[in-house]
>>> print(open('model22.cif').read())   # mmCIF, C-alpha atoms and all ligand atoms
data_structure
#
loop_
_atom_site.label_atom_id
_atom_site.label_comp_id
_atom_site.auth_asym_id
_atom_site.auth_seq_id
_atom_site.Cartn_x
_atom_site.Cartn_y
_atom_site.Cartn_z
CA LYS A 217 -87.51 -133.36 -152.29
CA LEU A 218 -89.45 -130.33 -153.54
CA ARG A 219 -87.64 -127.04 -153.10
CA SER A 220 -89.47 -124.38 -151.08
CA PRO A 221 -90.63 -121.49 -153.27
CA LEU A 222 -88.71 -119.31 -150.79
CA HIS A 223 -85.42 -121.24 -150.97
CA VAL A 224 -83.36 -118.21 -152.09
CA PHE A 225 -84.68 -116.18 -149.17
CA GLU A 226 -84.19 -119.03 -146.73
CA ARG A 227 -80.55 -119.44 -147.79
CA PHE A 228 -79.45 -115.86 -148.19
CA GLU A 229 -81.68 -113.58 -146.12
CA SER A 230 -81.45 -113.10 -142.38
CA GLU A 231 -83.85 -115.00 -140.16
CA VAL A 232 -85.11 -111.73 -138.73
CA ARG A 233 -87.54 -111.23 -141.63
CA SER A 234 -91.08 -111.09 -140.30
CA TYR A 235 -94.02 -109.14 -141.72
CA CYS A 236 -95.83 -111.10 -144.42
CA ARG A 237 -92.92 -113.48 -144.58
CA SER A 238 -94.82 -116.49 -143.37
CA PHE A 239 -96.62 -116.57 -146.72
CA PRO A 240 -95.04 -119.35 -148.82
CA THR A 241 -94.88 -117.52 -152.12
CA VAL A 242 -92.90 -114.89 -154.00
CA PHE A 243 -94.87 -111.77 -154.96
CA ASP A 244 -94.30 -110.14 -158.28
CA LYS A 245 -96.89 -107.54 -159.21
CA ALA A 246 -99.39 -105.30 -157.48
CA LYS A 247 -102.11 -102.88 -158.48
CA GLY A 248 -104.73 -101.16 -156.36
CA SER A 249 -105.80 -103.62 -153.66
CA LYS A 250 -104.42 -106.69 -155.37
CA LEU A 251 -101.12 -108.54 -155.50
CA TRP A 252 -100.01 -111.34 -157.81
CA ASP A 253 -97.34 -113.91 -157.06
CA ARG A 254 -94.79 -115.33 -159.49
CA GLU A 255 -97.22 -118.09 -160.51
CA GLY A 256 -99.86 -115.48 -161.35
CA ARG A 257 -102.09 -116.25 -158.34
CA GLU A 258 -104.14 -113.27 -157.29
CA TYR A 259 -104.48 -111.98 -153.71
CA ILE A 260 -106.55 -109.24 -152.14
CA ASP A 261 -104.44 -107.09 -149.85
CA PHE A 262 -105.96 -106.50 -146.40
CA PHE A 263 -102.61 -105.42 -144.98
CA ALA A 264 -101.62 -102.49 -147.21
CA GLY A 265 -97.97 -102.37 -146.19
CA ALA A 266 -98.93 -101.98 -142.50
CA GLY A 267 -100.57 -98.69 -143.40
CA ALA A 268 -98.00 -97.54 -145.97
CA LEU A 269 -100.29 -98.17 -148.95
CA ASN A 270 -103.45 -96.28 -148.02
CA TYR A 271 -103.84 -95.21 -151.67
CA GLY A 272 -103.25 -98.71 -153.03
CA HIS A 273 -100.39 -100.29 -154.94
CA ASN A 274 -99.10 -98.44 -157.99
CA ASN A 275 -101.67 -95.67 -157.62
CA PRO A 276 -102.12 -94.49 -161.25
CA GLN A 277 -102.24 -90.71 -160.58
CA MET A 278 -99.09 -90.83 -158.46
CA LYS A 279 -97.34 -93.12 -160.91
CA ALA A 280 -98.08 -90.69 -163.75
CA LYS A 281 -96.69 -87.73 -161.75
CA ILE A 282 -93.52 -89.63 -160.81
CA ILE A 283 -92.91 -90.74 -164.40
CA GLU A 284 -93.52 -87.22 -165.69
CA TYR A 285 -91.09 -85.79 -163.11
CA MET A 286 -88.41 -88.31 -164.04
CA MET A 287 -88.86 -87.81 -167.77
CA ASP A 288 -88.35 -84.06 -167.15
CA ASP A 289 -85.08 -84.78 -165.31
CA GLY A 290 -86.41 -83.36 -162.05
CA VAL A 291 -83.94 -83.37 -159.14
CA THR A 292 -84.25 -86.73 -157.36
CA HIS A 293 -82.15 -86.67 -154.22
CA SER A 294 -81.53 -83.27 -152.69
CA LEU A 295 -80.69 -83.35 -148.96
CA ASP A 296 -82.13 -80.05 -147.67
CA MET A 297 -81.83 -78.13 -150.94
CA ALA A 298 -84.85 -76.06 -151.78
CA THR A 299 -86.47 -77.79 -154.75
CA VAL A 300 -89.61 -77.16 -156.74
CA ALA A 301 -91.00 -80.55 -155.71
CA LYS A 302 -90.50 -79.79 -152.01
CA GLU A 303 -92.00 -76.32 -152.40
CA LYS A 304 -95.12 -77.82 -153.99
CA LEU A 305 -95.51 -80.32 -151.16
CA LEU A 306 -95.08 -77.67 -148.43
CA GLN A 307 -97.63 -75.43 -150.12
CA LYS A 308 -100.20 -78.12 -150.72
CA PHE A 309 -99.84 -79.48 -147.19
CA GLN A 310 -100.67 -76.00 -145.87
CA GLU A 311 -103.59 -75.48 -148.24
CA VAL A 312 -105.22 -78.90 -148.09
CA ILE A 313 -104.36 -80.21 -144.63
CA LEU A 314 -103.25 -77.56 -142.12
CA GLN A 315 -105.20 -74.40 -143.01
CA PRO A 316 -108.68 -75.96 -143.34
CA ARG A 317 -108.21 -77.48 -139.86
CA GLY A 318 -106.93 -74.24 -138.34
CA PHE A 319 -103.63 -75.98 -137.53
CA GLU A 320 -100.32 -74.16 -137.35
CA TYR A 321 -97.31 -76.43 -137.56
CA LYS A 322 -93.81 -76.19 -138.98
CA VAL A 323 -92.97 -79.15 -141.18
CA MET A 324 -89.73 -80.97 -140.47
CA PHE A 325 -88.25 -83.77 -142.56
CA PRO A 326 -86.73 -86.08 -139.94
CA GLY A 327 -85.46 -88.91 -142.17
CA PRO A 328 -87.28 -91.43 -144.35
CA THR A 329 -89.10 -93.67 -141.87
CA GLY A 330 -91.53 -93.65 -138.97
CA THR A 331 -88.84 -94.31 -136.40
CA ASN A 332 -86.91 -91.26 -137.66
CA SER A 333 -89.96 -89.11 -137.01
CA VAL A 334 -90.42 -90.54 -133.52
CA GLU A 335 -86.73 -90.06 -132.66
CA SER A 336 -86.92 -86.43 -133.74
CA ALA A 337 -90.08 -85.88 -131.67
CA LEU A 338 -88.55 -87.36 -128.50
CA LYS A 339 -85.33 -85.39 -128.87
CA LEU A 340 -87.19 -82.17 -129.55
CA ALA A 341 -89.53 -82.61 -126.54
CA ARG A 342 -86.43 -83.04 -124.35
CA LYS A 343 -84.77 -79.97 -125.81
CA VAL A 344 -87.89 -77.80 -125.47
CA THR A 345 -88.64 -78.77 -121.87
CA GLY A 346 -85.15 -79.42 -120.56
CA ARG A 347 -86.55 -82.66 -119.08
CA GLU A 348 -85.51 -86.23 -119.85
CA VAL A 349 -88.30 -88.72 -119.22
CA ILE A 350 -90.87 -89.67 -121.86
CA MET A 351 -94.17 -91.25 -120.88
CA SER A 352 -95.49 -93.88 -123.23
CA PHE A 353 -98.23 -96.49 -123.01
CA THR A 354 -98.56 -100.21 -122.48
CA ASN A 355 -98.46 -102.15 -125.77
CA ALA A 356 -97.27 -99.08 -127.68
CA PHE A 357 -95.18 -99.45 -130.82
CA HIS A 358 -93.07 -96.53 -132.00
CA GLY A 359 -90.14 -98.03 -133.89
CA MET A 360 -86.96 -100.07 -133.76
CA THR A 361 -84.17 -97.55 -133.11
CA ILE A 362 -83.02 -97.02 -129.54
CA GLY A 363 -85.10 -93.93 -128.73
CA SER A 364 -88.32 -95.17 -130.29
CA LEU A 365 -87.72 -98.68 -128.92
CA ALA A 366 -87.42 -97.16 -125.44
CA VAL A 367 -91.05 -96.01 -125.71
CA THR A 368 -92.24 -99.29 -127.25
CA GLY A 369 -94.12 -101.59 -124.88
CA ASN A 370 -93.00 -104.96 -126.18
CA LYS A 371 -90.51 -106.92 -124.10
CA PHE A 372 -89.32 -109.18 -126.92
CA LYS A 373 -88.44 -106.19 -129.09
CA ARG A 374 -87.02 -104.14 -126.20
CA ASP A 375 -84.72 -107.00 -125.19
CA GLY A 376 -83.26 -106.82 -128.71
CA ALA A 377 -81.70 -103.48 -127.78
CA GLY A 378 -79.11 -105.28 -125.64
CA ILE A 379 -78.89 -102.30 -123.27
CA ALA A 380 -81.15 -100.78 -120.63
CA LEU A 381 -83.55 -98.32 -122.23
CA PRO A 382 -83.61 -95.38 -119.85
CA HIS A 383 -85.70 -92.27 -119.27
CA THR A 384 -89.07 -93.72 -120.08
CA LEU A 385 -92.19 -94.46 -118.07
CA SER A 386 -94.77 -96.87 -119.39
CA MET A 387 -98.29 -95.90 -118.34
CA PRO A 388 -101.55 -97.86 -118.72
CA TYR A 389 -103.44 -97.18 -121.96
CA GLU A 390 -107.17 -96.46 -121.69
CA ASN A 391 -109.00 -99.57 -120.40
CA TYR A 392 -105.75 -101.40 -119.74
CA PHE A 393 -107.16 -102.31 -116.32
CA GLY A 394 -110.72 -102.60 -117.63
CA GLU A 395 -113.37 -99.91 -117.90
CA ASP A 396 -113.56 -99.15 -114.19
CA VAL A 397 -110.05 -97.77 -113.77
CA ASP A 398 -109.41 -94.21 -114.88
CA THR A 399 -105.86 -94.43 -116.18
CA ILE A 400 -105.46 -90.64 -116.30
CA ASP A 401 -106.25 -90.55 -112.60
CA TYR A 402 -103.53 -93.16 -112.13
CA MET A 403 -101.07 -90.97 -114.08
CA GLU A 404 -102.02 -87.88 -112.05
CA ARG A 405 -101.38 -89.73 -108.81
CA TYR A 406 -98.10 -91.05 -110.11
CA LEU A 407 -96.78 -87.53 -110.71
CA GLU A 408 -98.34 -86.08 -107.58
CA ASP A 409 -96.72 -88.71 -105.40
CA ASN A 410 -93.37 -87.13 -104.66
CA GLY A 411 -92.41 -90.29 -102.84
CA SER A 412 -92.09 -92.09 -106.16
CA GLY A 413 -89.17 -89.77 -106.92
CA VAL A 414 -90.11 -89.42 -110.55
CA SER A 415 -88.80 -86.49 -112.57
CA LEU A 416 -91.43 -84.68 -114.59
CA PRO A 417 -91.71 -85.97 -118.14
CA ALA A 418 -90.72 -84.00 -121.23
CA GLY A 419 -93.35 -85.61 -123.40
CA ILE A 420 -96.08 -88.18 -123.72
CA ILE A 421 -96.19 -90.23 -126.89
CA LEU A 422 -99.57 -91.59 -127.92
CA GLU A 423 -101.05 -93.75 -130.66
CA THR A 424 -104.79 -93.03 -130.85
CA VAL A 425 -105.33 -96.58 -132.09
CA GLN A 426 -102.51 -98.98 -131.25
CA GLY A 427 -101.71 -100.80 -134.49
CA GLU A 428 -98.99 -103.26 -133.54
CA GLY A 429 -100.34 -103.41 -129.98
CA GLY A 430 -103.56 -105.09 -131.15
CA ILE A 431 -106.01 -102.42 -132.45
CA ASN A 432 -106.59 -100.85 -129.05
CA VAL A 433 -108.81 -97.84 -129.66
CA ALA A 434 -108.60 -94.76 -127.44
CA SER A 435 -111.84 -92.84 -126.98
CA PHE A 436 -111.97 -89.18 -127.98
CA GLU A 437 -112.75 -88.20 -124.36
CA TRP A 438 -109.65 -90.03 -123.14
CA MET A 439 -107.48 -88.26 -125.77
CA LYS A 440 -108.84 -84.94 -124.46
CA LYS A 441 -107.93 -85.98 -120.93
CA VAL A 442 -104.41 -86.90 -122.04
CA GLU A 443 -104.09 -83.44 -123.58
CA ALA A 444 -105.35 -81.74 -120.40
CA PHE A 445 -102.92 -83.84 -118.35
CA CYS A 446 -100.06 -82.67 -120.57
CA ARG A 447 -101.07 -79.02 -120.25
CA ARG A 448 -101.34 -79.33 -116.45
CA TRP A 449 -97.82 -80.69 -116.05
CA GLY A 450 -96.12 -78.76 -118.87
CA ILE A 451 -95.57 -81.97 -120.84
CA LEU A 452 -95.47 -81.94 -124.64
CA LEU A 453 -98.08 -84.12 -126.32
CA ILE A 454 -96.65 -86.16 -129.18
CA VAL A 455 -99.15 -88.04 -131.33
CA ASP A 456 -97.64 -90.87 -133.35
CA ASP A 457 -99.86 -90.93 -136.43
CA VAL A 458 -97.38 -93.03 -138.42
CA GLN A 459 -99.80 -95.96 -138.85
CA VAL A 460 -103.21 -94.43 -138.15
CA GLY A 461 -102.67 -91.07 -139.84
CA CYS A 462 -103.20 -90.17 -143.50
CA GLY A 463 -106.86 -91.16 -143.34
CA ARG A 464 -106.69 -94.65 -141.90
CA THR A 465 -109.32 -93.88 -139.23
CA GLY A 466 -111.52 -91.77 -141.54
CA THR A 467 -110.00 -88.32 -141.00
CA PHE A 468 -106.57 -87.18 -142.21
CA PHE A 469 -105.24 -86.99 -138.64
CA SER A 470 -106.51 -89.70 -136.33
CA PHE A 471 -107.25 -87.27 -133.47
CA GLU A 472 -109.27 -84.64 -135.37
CA LYS A 473 -112.61 -85.61 -133.86
CA ALA A 474 -111.17 -85.37 -130.34
CA GLY A 475 -110.51 -81.68 -130.98
CA ILE A 476 -106.99 -81.86 -129.56
CA GLN A 477 -103.88 -80.11 -130.88
CA PRO A 478 -100.72 -82.10 -130.18
CA ASP A 479 -97.42 -80.25 -129.79
CA ILE A 480 -95.70 -82.65 -132.16
CA ILE A 481 -97.18 -85.04 -134.75
CA CYS A 482 -95.32 -87.94 -136.35
CA LEU A 483 -96.27 -88.98 -139.88
CA SER A 484 -94.72 -91.56 -142.19
CA LYS A 485 -95.93 -94.71 -144.01
CA SER A 486 -98.73 -93.33 -146.26
CA ILE A 487 -97.54 -89.72 -146.26
CA GLY A 488 -95.26 -90.76 -149.15
CA GLY A 489 -98.38 -91.89 -151.00
CA PHE A 490 -96.80 -94.38 -153.35
CA GLY A 491 -94.95 -96.45 -150.76
CA ILE A 492 -91.81 -94.35 -151.18
CA PRO A 493 -90.24 -93.75 -147.76
CA LEU A 494 -91.01 -90.30 -146.40
CA ALA A 495 -91.66 -88.95 -142.93
CA LEU A 496 -92.78 -85.61 -141.57
CA THR A 497 -92.59 -84.31 -138.03
CA LEU A 498 -95.06 -81.50 -137.47
CA ILE A 499 -93.95 -79.05 -134.82
CA LYS A 500 -95.95 -76.27 -133.14
CA PRO A 501 -94.10 -73.08 -134.19
CA GLU A 502 -93.16 -72.19 -130.60
CA HIS A 503 -91.33 -75.52 -130.26
CA ASP A 504 -89.29 -75.10 -133.45
CA VAL A 505 -86.12 -74.54 -131.45
CA TRP A 506 -83.48 -76.61 -133.20
CA GLU A 507 -80.48 -74.85 -134.69
CA PRO A 508 -79.71 -75.62 -138.34
CA GLY A 509 -78.00 -79.01 -138.51
CA GLU A 510 -78.90 -80.07 -134.98
CA HIS A 511 -80.90 -82.99 -136.41
CA ASN A 512 -79.97 -84.03 -139.91
CA GLY A 513 -79.50 -87.06 -142.19
CA THR A 514 -78.94 -87.92 -145.83
CA PHE A 515 -82.32 -89.18 -146.94
CA ARG A 516 -84.71 -86.48 -145.82
CA GLY A 517 -85.06 -84.95 -149.23
CA HIS A 518 -86.33 -87.47 -151.73
CA ASN A 519 -88.13 -85.61 -154.41
CA LEU A 520 -89.88 -88.64 -155.89
CA ALA A 521 -91.53 -89.01 -152.49
CA PHE A 522 -92.42 -85.30 -152.48
CA VAL A 523 -94.02 -85.63 -155.93
CA ALA A 524 -96.08 -88.66 -154.90
CA ALA A 525 -96.99 -87.13 -151.53
CA THR A 526 -98.20 -83.92 -153.17
CA GLU A 527 -100.44 -85.91 -155.51
CA ALA A 528 -101.74 -88.02 -152.59
CA LEU A 529 -102.97 -84.86 -150.85
CA SER A 530 -105.44 -84.36 -153.73
CA TYR A 531 -107.59 -87.03 -152.07
CA TRP A 532 -108.13 -84.59 -149.20
CA GLU A 533 -109.33 -81.58 -151.16
CA ASP A 534 -112.92 -82.29 -150.15
CA ASP A 535 -114.84 -84.54 -147.73
CA GLN A 536 -115.65 -87.29 -150.19
CA PHE A 537 -112.69 -89.52 -149.44
CA SER A 538 -113.26 -89.27 -145.71
CA GLN A 539 -116.91 -90.31 -146.11
CA GLU A 540 -115.89 -93.20 -148.33
CA ILE A 541 -113.41 -94.49 -145.70
CA THR A 542 -116.04 -94.26 -142.96
CA ARG A 543 -118.58 -96.14 -145.09
CA LYS A 544 -116.11 -98.92 -145.96
CA GLY A 545 -115.01 -99.04 -142.31
CA GLU A 546 -118.61 -99.66 -141.29
CA MET A 547 -118.82 -102.57 -143.74
CA VAL A 548 -115.72 -104.16 -142.21
CA GLU A 549 -116.96 -103.50 -138.68
CA ALA A 550 -120.33 -105.14 -139.40
CA CYS A 551 -118.58 -108.19 -140.84
CA LEU A 552 -116.22 -108.53 -137.85
CA GLN A 553 -119.04 -108.01 -135.30
CA GLY A 554 -121.04 -110.67 -137.15
CA LEU A 555 -118.14 -113.13 -136.95
CA ALA A 556 -117.69 -112.47 -133.22
CA GLU A 557 -121.37 -113.27 -132.67
CA ARG A 558 -121.43 -116.30 -134.97
CA TYR A 559 -118.48 -118.04 -133.30
CA PRO A 560 -118.76 -117.47 -129.53
CA GLU A 561 -116.44 -120.43 -128.96
CA MET A 562 -113.59 -118.37 -130.51
CA GLU A 563 -114.08 -115.72 -127.80
CA ALA A 564 -113.63 -113.10 -130.48
CA LYS A 565 -113.79 -109.34 -129.96
CA ALA A 566 -114.09 -106.94 -132.89
CA ARG A 567 -112.80 -103.38 -132.63
CA GLY A 568 -111.42 -100.51 -134.66
CA ARG A 569 -111.97 -97.08 -136.14
CA GLY A 570 -112.46 -96.32 -139.83
CA LEU A 571 -110.45 -98.78 -141.91
CA MET A 572 -108.23 -99.64 -138.95
CA GLN A 573 -110.11 -102.74 -137.82
CA GLY A 574 -109.29 -105.98 -136.11
CA ILE A 575 -110.70 -108.99 -134.37
CA GLU A 576 -109.09 -110.52 -131.30
CA ILE A 577 -109.32 -114.29 -131.11
CA GLY A 578 -109.43 -115.70 -127.59
CA VAL A 579 -108.30 -119.20 -128.57
CA GLU A 580 -104.51 -119.45 -128.64
CA GLY A 581 -102.96 -119.87 -132.09
CA LEU A 582 -106.25 -119.56 -133.96
CA SER A 583 -105.54 -116.07 -135.34
CA ASP A 584 -102.54 -117.47 -137.26
CA GLU A 585 -104.63 -120.32 -138.61
CA ILE A 586 -107.27 -117.87 -139.83
CA CYS A 587 -104.63 -115.82 -141.66
CA LYS A 588 -103.22 -119.00 -143.18
CA ALA A 589 -106.65 -120.16 -144.34
CA ALA A 590 -107.27 -116.70 -145.79
CA PHE A 591 -103.96 -116.75 -147.65
CA GLU A 592 -104.84 -120.12 -149.20
CA ARG A 593 -108.05 -118.51 -150.49
CA GLY A 594 -106.23 -115.42 -151.86
CA LEU A 595 -106.42 -112.90 -149.01
CA ILE A 596 -103.47 -111.28 -147.26
CA MET A 597 -103.86 -110.36 -143.59
CA GLU A 598 -101.46 -110.00 -140.68
CA THR A 599 -101.83 -110.38 -136.94
CA SER A 600 -100.89 -107.96 -134.19
CA GLY A 601 -101.18 -107.70 -130.41
CA PRO A 602 -98.80 -108.90 -127.67
CA ASN A 603 -99.26 -112.55 -128.69
CA GLY A 604 -100.41 -112.06 -132.27
CA GLU A 605 -103.98 -112.69 -131.17
CA VAL A 606 -105.58 -109.95 -133.27
CA VAL A 607 -106.34 -110.44 -136.97
CA LYS A 608 -105.86 -107.04 -138.56
CA VAL A 609 -108.12 -105.83 -141.34
CA MET A 610 -106.62 -102.78 -143.02
CA PRO A 611 -107.10 -102.74 -146.80
CA PRO A 612 -106.02 -99.77 -148.90
CA LEU A 613 -108.45 -96.89 -148.28
CA THR A 614 -109.04 -96.75 -152.03
CA ILE A 615 -110.20 -100.38 -152.27
CA VAL A 616 -113.21 -100.72 -154.58
CA GLU A 617 -116.33 -101.98 -152.87
CA GLU A 618 -116.52 -105.20 -154.86
CA GLU A 619 -112.99 -106.19 -153.80
CA LEU A 620 -113.69 -105.23 -150.21
CA LYS A 621 -116.76 -107.49 -150.22
CA GLN A 622 -114.81 -110.29 -151.88
CA GLY A 623 -112.09 -110.01 -149.21
CA LEU A 624 -114.67 -110.05 -146.41
CA ARG A 625 -116.29 -113.14 -147.94
CA ILE A 626 -112.91 -114.90 -147.89
CA LEU A 627 -112.45 -113.80 -144.29
CA GLU A 628 -115.82 -115.33 -143.38
CA GLU A 629 -114.95 -118.57 -145.17
CA SER A 630 -111.63 -118.68 -143.31
CA PHE A 631 -113.42 -118.36 -139.97
CA ALA A 632 -115.83 -121.12 -141.00
CA THR A 633 -112.96 -123.51 -141.86
CA CYS A 634 -111.08 -122.74 -138.66
CA LYS A 635 -113.97 -123.20 -136.26
CA GLN A 636 -113.38 -126.08 -133.88
N1 LIG B 701 -94.96 -95.73 -135.09
C1 LIG B 701 -95.99 -96.54 -135.34
C2 LIG B 701 -97.30 -96.29 -134.69
C3 LIG B 701 -95.83 -97.64 -136.21
O1 LIG B 701 -96.86 -98.46 -136.44
C4 LIG B 701 -94.59 -97.84 -136.82
C5 LIG B 701 -94.35 -98.99 -137.78
N2 LIG B 701 -95.14 -100.08 -137.68
C6 LIG B 701 -93.54 -96.97 -136.51
C7 LIG B 701 -93.77 -95.91 -135.65
C8 LIG B 701 -92.17 -97.14 -137.08
O2 LIG B 701 -92.16 -96.85 -138.44
P1 LIG B 701 -90.99 -97.42 -139.35
O3 LIG B 701 -91.19 -98.90 -139.40
O4 LIG B 701 -91.19 -96.76 -140.67
O5 LIG B 701 -89.71 -97.04 -138.71
#
>>> encode(input="model22.cif", output="structure tokens")
Amino acid sequence: KLRSPLHVFERFESEVRSYCRSFPTVFDKAKGSKLWDREGREYIDFFAGAGALNYGHNNPQMKAKIIEYMMDDGVTHSLDMATVAKEKLLQKFQEVILQPRGFEYKVMFPGPTGTNSVESALKLARKVTGREVIMSFTNAFHGMTIGSLAVTGNKFKRDGAGIALPHTLSMPYENYFGEDVDTIDYMERYLEDNGSGVSLPAGIILETVQGEGGINVASFEWMKKVEAFCRRWGILLIVDDVQVGCGRTGTFFSFEKAGIQPDIICLSKSIGGFGIPLALTLIKPEHDVWEPGEHNGTFRGHNLAFVAATEALSYWEDDQFSQEITRKGEMVEACLQGLAERYPEMEAKARGRGLMQGIEIGVEGLSDEICKAAFERGLIMETSGPNGEVVKVMPPLTIVEEELKQGLRILEESFATCKQ
């Protein structure tokens, strides 16, 4: 009997492994938008670490900076110590990201991952308002620790908590009930109706495009209405830009074109640039109310992440990168729209913003088959949505056009093979 190429993993690693683990191979090397497995087979990466590799694998500029820093014996781990690497990141974030947008935020380092940023945002909103409840949205995904899980709209994952997840209210995302129902109106009525006995929420947490929830795209007008709703009820607006921030939708922050200013912004994944864990929680100065030590943790000060993150911000010094993302996003969108039209029997719906694109497949199980067929042809994609019905297309933002086209060709071939 032939041994599975994954036999070591199957024997020794927990069954809970998921993302990209259905692929029957062992990956070894990666560069830009490509990965190679142990046998030397090449794959185009249309997953990009679920948004953690917006600048590609082993980005050469970041790699050079990290190596230089290490060769100079720069401080690596530093808790909250003031270091030169952290100073450079704070300065460049002001100069390249916040100031040009007229944004004033204090930068907090909540811990290394997205869920750490979300936890800090929820706790802070409660502290600032003195309220307990957080409103979140249907099909939201905010993380796997108890606080962030409590605002995640996925029953399977919530049940994993093993306890009731209190103090949250799940509200319908835009178009959850179709285009005719104004979900903000629904939320207004919910709070106005004293009979429902609801306490006023401390915060609302919003993904402007739901990544894990199936590429559900909120309109800019709806985001504005969410902001107005928050202002009316004294609720803090928390935007979770962990997956869709750092340029994924075409602008550095996903909500820029809506013209809103959240009270708290969560960033992680690609903020570390090189795939090194890093998270930032951006806090409006008036909400910066924590005492020193009130929220801490060991790994909030990794200088290799600061070095890579500082270099990553160079992509945002002018508009060029943003235009490039939009142009590539349009190429993906055209391809996905074309597929939806070509195969009506798949009941497919294409949607997305920038390079956060996806196609929902109406026929049960077919999305997995498409990803499998793509993998066999050298393309890595993942599914999302409540039943994994959406094939996600999110290559590194830096993907060269030739590789993007090659990936899209493989995607088209995979649809052709899977058609009934
Ligand atoms: N928020 C969003 C929108 C996410 O997509 C994710 C991760 N998929 C998280 C939070 C949690 O981030 P992490 O996995 O780094 O804890």
>>> closest_residue(input="model22.cif", among="A:Ala444, A:Leu305, A:Ile487, A:Val579", to="A:Tyr271", atoms="only C-alpha atoms")
A:Ile487
>>> closest_atom_pairs(input="model22.cif", of="stretch 425-498 of chain A", to="stretch 604-626 of chain A", cutoff="10 Å", atoms="only C-alpha atoms", output="CSV")
residue,atom,partner,partner_atom,distance
A:Gly427,CA,A:Lys608,CA,8.5
A:Glu428,CA,A:Gly604,CA,9.0
A:Gly429,CA,A:Gly604,CA,8.9
A:Gly430,CA,A:Val606,CA,5.7
A:Ile431,CA,A:Val606,CA,7.6
A:Cys462,CA,A:Leu613,CA,9.8
A:Gly463,CA,A:Leu613,CA,7.7
A:Arg464,CA,A:Leu613,CA,7.0
A:Thr465,CA,A:Leu613,CA,9.6
A:Gly466,CA,A:Leu613,CA,9.0
>>> closest_residue(input="model22.cif", among="A:Ala556, A:Met403, A:Met297, A:Val334", to="ligand LIG 701 (chain B)", atoms="all atoms listed in the file")
A:Val334
>>> atom_distance(input="model22.cif", atom1="atom CA of A:Val349", atom2="atom CA of A:Leu416")
6.9 Å
>>> residues_near_ligand(input="model22.cif", ligand="ligand LIG 701 (chain B)", cutoff="7 Å", atoms="all atoms listed in the file", output="PDB file with C-alpha atoms, in the coordinates of the input")
ATOM      1  CA  ALA A 266     -98.930-101.980-142.500  1.00  0.00           C
ATOM      2  CA  THR A 329     -89.100 -93.670-141.870  1.00  0.00           C
ATOM      3  CA  GLY A 330     -91.530 -93.650-138.970  1.00  0.00           C
ATOM      4  CA  THR A 331     -88.840 -94.310-136.400  1.00  0.00           C
ATOM      5  CA  ASN A 332     -86.910 -91.260-137.660  1.00  0.00           C
ATOM      6  CA  VAL A 334     -90.420 -90.540-133.520  1.00  0.00           C
ATOM      7  CA  PHE A 357     -95.180 -99.450-130.820  1.00  0.00           C
ATOM      8  CA  HIS A 358     -93.070 -96.530-132.000  1.00  0.00           C
ATOM      9  CA  GLY A 359     -90.140 -98.030-133.890  1.00  0.00           C
ATOM     10  CA  MET A 360     -86.960-100.070-133.760  1.00  0.00           C
ATOM     11  CA  GLU A 423    -101.050 -93.750-130.660  1.00  0.00           C
ATOM     12  CA  GLN A 426    -102.510 -98.980-131.250  1.00  0.00           C
ATOM     13  CA  GLY A 427    -101.710-100.800-134.490  1.00  0.00           C
ATOM     14  CA  GLU A 428     -98.990-103.260-133.540  1.00  0.00           C
ATOM     15  CA  ASP A 456     -97.640 -90.870-133.350  1.00  0.00           C
ATOM     16  CA  ASP A 457     -99.860 -90.930-136.430  1.00  0.00           C
ATOM     17  CA  VAL A 458     -97.380 -93.030-138.420  1.00  0.00           C
ATOM     18  CA  GLN A 459     -99.800 -95.960-138.850  1.00  0.00           C
ATOM     19  CA  SER A 484     -94.720 -91.560-142.190  1.00  0.00           C
ATOM     20  CA  LYS A 485     -95.930 -94.710-144.010  1.00  0.00           C
TER      21      LYS A 485
END
>>> closest_residue(input="model22.cif", among="A:Glu576, A:Asp534, A:Leu365, A:Val460", to="A:Pro602", atoms="only C-alpha atoms")
A:Glu576
>>> atom_distance(input="model22.cif", atom1="atom CA of A:Glu527", atom2="atom CA of A:Gln477")
25.5 Å
>>> decode(input="model22.cif", residues="stretch 356-375 of chain A", atoms="C-alpha atoms", output="PDB file, in the first residue's frame")
ATOM      1  CA  ALA A 356     -19.181  37.428  10.332  1.00  0.00           C
ATOM      2  CA  PHE A 357     -15.783  35.991  11.191  1.00  0.00           C
ATOM      3  CA  HIS A 358     -13.639  37.716  13.786  1.00  0.00           C
ATOM      4  CA  GLY A 359     -11.464  35.017  15.346  1.00  0.00           C
ATOM      5  CA  MET A 360     -11.281  31.921  17.492  1.00  0.00           C
ATOM      6  CA  THR A 361     -10.806  33.185  21.061  1.00  0.00           C
ATOM      7  CA  ILE A 362     -13.863  33.534  23.269  1.00  0.00           C
ATOM      8  CA  GLY A 363     -14.515  37.259  22.736  1.00  0.00           C
ATOM      9  CA  SER A 364     -13.966  37.245  18.988  1.00  0.00           C
ATOM     10  CA  LEU A 365     -15.812  33.922  18.652  1.00  0.00           C
ATOM     11  CA  ALA A 366     -18.792  35.513  20.420  1.00  0.00           C
ATOM     12  CA  VAL A 367     -19.110  37.971  17.521  1.00  0.00           C
ATOM     13  CA  THR A 368     -18.524  35.297  14.860  1.00  0.00           C
ATOM     14  CA  GLY A 369     -21.639  34.152  13.020  1.00  0.00           C
ATOM     15  CA  ASN A 370     -20.795  30.508  12.455  1.00  0.00           C
ATOM     16  CA  LYS A 371     -22.604  27.921  14.557  1.00  0.00           C
ATOM     17  CA  PHE A 372     -20.072  25.132  14.028  1.00  0.00           C
ATOM     18  CA  LYS A 373     -17.240  27.321  15.285  1.00  0.00           C
ATOM     19  CA  ARG A 374     -19.297  28.906  18.084  1.00  0.00           C
ATOM     20  CA  ASP A 375     -20.298  25.476  19.395  1.00  0.00           C
TER      21      ASP A 375
END
